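**Student:** The structure under discussion is supplied below as structure tokens; questions concerning it will follow.
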Protein chains: 2
Amino acid sequence: MSRVLAAELSTRDGETVRLAGWVHRRRLLKSVAFLILRDATGLAQVVVTDPDARALLETLGEETVVAVTGQAKANDVAPGGVEVVDPTITPLTEPAEQPPFDLYRPELAAALPTLLDHAPVALRHPRLRAAHEIAAAAVAGFRSTLDGKRFVEVHTPKIVASATESGANVFAIDYFGRSAYLAQSPQFYKQMMVGVFERVYEVGPVFRAEPHDTARHLAQYTSLDAELGFIEDHYDVMRVLRDVVAGMVDAVVRRAGPAVELLAVDVPEVPAEIPSVHFADAMAMVGGPADEPDLAPAHERWLGDWARREHGSDFVFVTGYPMVKRPFYTHPEPGRPGYSNSFDLIFRGLELVTGGQRLHRFSDYVAALGGADLSQYSGYLDTFRHGMPPHGGFAIGLERFVARLTGAANVREVTLFPRDLNRLTP
Amino acid sequence: MSRVLAAELSTRDGETVRLAGWVHRRRLLKSVAFLILRDATGLAQVVVTDPDARALLETLGEETVVAVTGQAKANDVAPGGVEVVDPTITPLTEPAEQPPFDLYRPELAAALPTLLDHAPVALRHPRLRAAHEIAAAAVAGFRSTLDGKRFVEVHTPKIVASATESGANVFAIDYFGRSAYLAQSPQFYKQMMVGVFERVYEVGPVFRAEPHDTARHLAQYTSLDAELGFIEDHYDVMRVLRDVVAGMVDAVVRRAGPAVELLAVDVPEVPAEIPSVHFADAMAMVGGPADEPDLAPAHERWLGDWARREHGSDFVFVTGYPMVKRPFYTHPEPGRPGYSNSFDLIFRGLELVTGGQRLHRFSDYVAALGGADLSQYSGYLDTFRHGMPPHGGFAIGLERFVARLTGAANVREVTLFPRDLNRLTP
């Protein structure tokens with residue numbers, strides 16, 4: 001008999017059904033026992049009255065995997081309105097050892113470090129699982145939006161010869177006896193691939209040897225990177241990013257509806273045009289000193305409130321960040337020395353995405369790299385030596401996006417098996 | 001004026017158009033000059049008669065990026081039947097330096113090491129680019145097939161605490177002063193996530209410190225991994241794999257049609273049921289010794305020919321490989337000691353995919369790991385300690401799949417920026 005999922009049970013009233021899943025909870029009352037079965041789609045209630053079946057159930061602790069065959073029967077108070085009666089219970093494994101927390105409670109009553117130590121089991125809790133359903137949906141939305149705009153997906157090297165992109169916070173590898181490093185981003189490669197495909201994206205891991213143990217830093221995270229050629233300036237990139245964020249939010253709602261509901265996600269509306277303010281104006285608005293090169297977290301919160309108040313938007317672009325705070329490949333703002341064709345996207349007062357226009361002329365790269373050893377950049381520089389269009393792009397941190405959306409205080413709450421200064425397992 | 005792509009030009013006869021792209025080739029004849037412009041969608045012919053425009057064109061070497069505004073005009077001998085006349089040519093960059101090979105020739109006349117050394121530019125060649133269009137389409141087909149079967153996408157750690165999966169050929173990392181390793185596969189994590197989502201997949205990099213410099217080994221490749229719970233045995237996994245391969249081939253044809261045509265890919269048909277032969281029978285058929293634990297490449301070729309001859313299939317499953325050649329988490333074949341519930345999928349005589357049913361009982365893992373230090377496996381083992389269903393999965397090497405499909409002799413021909421024993425750049 002083929003398996004019926006918990007979510008399908010409501011349509012099977014009167015049929016003989018076979019369920020399979022985990023023992024989520026047992027309630028052993030005097031005259032009757034209830035087995036709440038959990039599968040990937042939800043919960044199902046099984047009513048046990050037969051003494052032999054009850055005796056078996058008593059030996060099967062929570063998290064034991066079982067198959068249940070029985071009669072589906074309407075019952076208004078059962079989850080989904082249908083329960084299973086007269087069951088035959090068949091264990092599919094040995095009885096499970098009990099987890100260090102009760103997975104059947106609506107909220108997991110354990111501190112974050114405990115949950116992370118026991119992530120393979122803690123992630124089975126519907127609330128923890130939900131964040132990753134949202135993440136999967138968001139990535140699907142990222143890709144489908146870009147697929148619809150002629151972008152091509154690429155997979156680039158994560159092992160690189162030199163720590164050229166930023167020079168700091170890289171992990172060193174022993175590469176067949178030579179030194180190599182883990183890539184901090186696919187930045188150089190996605191630019192190279194603009195020369196091949198014009199428009200590319202990559203979803204993949206990036207690695208930062210972050211010596212800070214904060215609520216937002218990870219040693220590995222999933223970066224959603226896009227880069228496109230033949231742009232006028234960074235505003236073309238911002239228009240694509242607007243559609244990507246809208247596509248991600250839309251996919252989350254469409255593909256992860258139950259998770260959105262369970263976590264009571266306050267789904268943002270993405271305006272057709274996201275309001276935008278220049279860095280210099282933003283700094284004046286928040287009352288910061290004119291020579292300050294970056295926005296403080298309090299400034300970003302103020303701008304988030306301002307965007308909501310003045311434009312009814314959860315999102316606001318800040319453009320034109322000072323060149324001194326941007327990487328060497330950033331395109332300067334024409335006619336405005338010191339500023340750049342770059343942007344941050346602020347979501348509810350927190351920076352979510354960074355991007356901008358890049359340099360595209362070989363001679364500009366040589367100038368920007370100043371006295372650096374150019375041989376370290378040879379493959380990258382060859383790209384520009386042999387002709388590159390004006391281009392730009394952006395990167396979205398997946399875990400940060402999901403944390404913002406779900407209101408998680410710590411990015412680790414929504415990261416599968418996080419890696420940080422102190423954590424390398426499980 | 002918004003940009004018209006080369007592939008769209010055929011529909012613009014009589015209009016003023018703006019193209020943008022790379023100078024693919026110039027043909028400077030006595031009375032007229034032709035500029036062949038290349039963009040991501042193809043080639044367009046621009047006819048230059050004005051002396052000033054010609055003088056400019058003479059200074060713009062191949063690969064220079066230009067915009068061209070002019071009149072679209074039907075001409076049967078132009079690519080797509082429409083060319084551009086009376087052009088105004090505007091360089092978007094400095095004149096490009098000439099690449100070390102002619103990108104405009106139908107085949108690149110350079111040896112593989114030269115192409116790999118200059119990959120950022122060599123990949124612009126339509127034939128090299130085509131392999132990566134096929135790769136992107138194949139991955140999209142992998143995902144959409146599994147999305148349609150309730151699989152959830154995950155992104156798992158690439159930095160791990162111990163080299164537990166195989167113990168050999170791992171890259172060591174300096175992780176904040178501690179030893180860590182690059183993950184050789186997401187095997188342990190995808191199994192753990194079966195406990196959470198029942199069905200998961202991951203597309204991501206895997207790392208092998210392969211000391212062999214062969215045509216098929218890479219230090220990093222893209223692994224397409226899937227794992228599913230609540231199976232009867234490995235045949236359930238094989239049925240999912242059959243649909244996945246069919247979905248990948250279908251997506252390649254639908255999404256990368258021009259690339260398939262350019263490379264004259266011999267597109268395989270994936271039969272509704274792929275023929276299957278047990279390892280012991282296969283060994284007898286090829287005339288190998290009964291105690292030989294693995295198939296030699298010549299055996300796989302023979303089986304590929306046999307499947308084509310007897311079943312009209314480019315694909316054949318070999319099942320039941322001896323336990324001694326399979327990893328410790330492999331499920332044995334019930335009632336047939338020494339054999340396993342595993343399989344390889346052979347495509348045109350070459351192994352393409354490996355998979356099988358895994359152990360799911362905690363006590364079986366403890367037995368399989370024998371005297372090993374179990375603390376090294378603690379997160380993984382916790383998964384089974386707390387209840388796991390019968391499950392299995394498979395992994396497809398993306399680059400190997402594309403190499404087989406396009407008939408590439410060396411997997412590096414279809415790998416973006418390959419990494420191997422001797423190659424760490426570009």
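Letters for chains follow the order of the structure tokens (A, B, ...), residue numbers begin at 1 for each chain, and ligand numbers begin at 1 in the order shown.
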Within 6 Å of chain B, which residues of chain A come that close, and what is the closest atom pair and distance in Å for each? Count only C-alpha atoms and give it as JSON lines.
**Tutor:**
{"residue": "A:Ala40", "atom": "CA", "partner": "B:Phe197", "partner_atom": "CA", "distance": 5.4}
{"residue": "A:Glu63", "atom": "CA", "partner": "B:Gly387", "partner_atom": "CA", "distance": 5.3}
{"residue": "A:Thr64", "atom": "CA", "partner": "B:Gly387", "partner_atom": "CA", "distance": 4.8}
{"residue": "A:Val65", "atom": "CA", "partner": "B:Gly387", "partner_atom": "CA", "distance": 5.7}
{"residue": "A:Thr93", "atom": "CA", "partner": "B:Arg361", "partner_atom": "CA", "distance": 5.9}
{"residue": "A:Ala96", "atom": "CA", "partner": "B:His386", "partner_atom": "CA", "distance": 4.7}
{"residue": "A:Glu97", "atom": "CA", "partner": "B:His386", "partner_atom": "CA", "distance": 5.2}
{"residue": "A:Pro120", "atom": "CA", "partner": "B:Met192", "partner_atom": "CA", "distance": 5.7}
{"residue": "A:Arg124", "atom": "CA", "partner": "B:Val196", "partner_atom": "CA", "distance": 4.6}
{"residue": "A:Ala136", "atom": "CA", "partner": "B:Glu153", "partner_atom": "CA", "distance": 5.4}
{"residue": "A:Glu153", "atom": "CA", "partner": "B:Ala136", "partner_atom": "CA", "distance": 5.4}
{"residue": "A:Ala161", "atom": "CA", "partner": "B:Leu424", "partner_atom": "CA", "distance": 5.9}
{"residue": "A:Ala172", "atom": "CA", "partner": "B:Asp174", "partner_atom": "CA", "distance": 5.7}
{"residue": "A:Ile173", "atom": "CA", "partner": "B:Ile173", "partner_atom": "CA", "distance": 4.6}
{"residue": "A:Asp174", "atom": "CA", "partner": "B:Ala172", "partner_atom": "CA", "distance": 5.7}
{"residue": "A:Met192", "atom": "CA", "partner": "B:Pro120", "partner_atom": "CA", "distance": 5.7}
{"residue": "A:Val196", "atom": "CA", "partner": "B:Arg124", "partner_atom": "CA", "distance": 4.6}
{"residue": "A:Phe197", "atom": "CA", "partner": "B:Ala40", "partner_atom": "CA", "distance": 5.4}
{"residue": "A:Arg361", "atom": "CA", "partner": "B:Thr93", "partner_atom": "CA", "distance": 5.9}
{"residue": "A:Gly379", "atom": "CA", "partner": "B:Pro426", "partner_atom": "CA", "distance": 4.9}
{"residue": "A:Thr383", "atom": "CA", "partner": "B:Pro120", "partner_atom": "CA", "distance": 5.8}
{"residue": "A:Arg385", "atom": "CA", "partner": "B:Glu97", "partner_atom": "CA", "distance": 5.8}
{"residue": "A:His386", "atom": "CA", "partner": "B:Ala96", "partner_atom": "CA", "distance": 4.7}
{"residue": "A:Gly387", "atom": "CA", "partner": "B:Thr64", "partner_atom": "CA", "distance": 4.8}
{"residue": "A:Pro389", "atom": "CA", "partner": "B:Val65", "partner_atom": "CA", "distance": 5.9}
{"residue": "A:Leu424", "atom": "CA", "partner": "B:Ala161", "partner_atom": "CA", "distance": 5.9}
{"residue": "A:Pro426", "atom": "CA", "partner": "B:Gly379", "partner_atom": "CA", "distance": 4.9}
**Student:** Using only C-alpha atoms, determine which residues lie at most 6 Å from His234 in chain B, disregarding the query and same-chain residues fewer than 3 positions distant; provide the list as a PDB file with N, CA and C atoms, in the first residue's frame.
**Tutor:**
ATOM      1  N   VAL B 237      15.438   4.474  -4.968  1.00  0.00           N
ATOM      2  CA  VAL B 237      16.396   5.541  -5.273  1.00  0.00           C
ATOM      3  C   VAL B 237      16.672   5.577  -6.774  1.00  0.00           C
ATOM      4  N   ASN B 341      23.115  -3.120  -1.205  1.00  0.00           N
ATOM      5  CA  ASN B 341      21.997  -2.453  -1.877  1.00  0.00           C
ATOM      6  C   ASN B 341      22.478  -1.148  -2.514  1.00  0.00           C
ATOM      7  N   GLY B 356      22.942   4.413  -3.564  1.00  0.00           N
ATOM      8  CA  GLY B 356      22.509   3.200  -2.897  1.00  0.00           C
ATOM      9  C   GLY B 356      21.676   3.478  -1.670  1.00  0.00           C
ATOM     10  N   GLN B 357      21.280   2.382  -1.032  1.00  0.00           N
ATOM     11  CA  GLN B 357      20.608   2.490   0.264  1.00  0.00           C
ATOM     12  C   GLN B 357      21.674   2.578   1.345  1.00  0.00           C
TER      13      GLN B 357
END
**Student:** Report the residues of range 90-209 of chain B whose backbone DSSP state falls under strand (DSSP E or B), written as a list in words.
**Tutor:**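 Selecting the strand (DSSP E or B) positions of range 90-209 of chain B gives Thr90, Pro91, Val152, Glu153, Ile159, Val160, Ala172, Ile173, Asp174, Tyr175, Arg178, Ser179, Ala180, Tyr181, Leu182, Arg199, Val200, Tyr201, Glu202, Val203, Gly204, Pro205, Val206 and Phe207 of chain B.
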**Student:** I'd like the neighbourhood of Tyr201 in chain A as a list in words, where a residue qualifies if any of its atoms comes within 8 Å (using only C-alpha atoms), though same-chain residues fewer than 6 positions away should be ignored.
**Tutor:**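 The residues that qualify are Leu146, Phe151, Val152, Glu153, Val154, Lys190, Leu224, Asp225, Ala226 and Glu227 of chain A.
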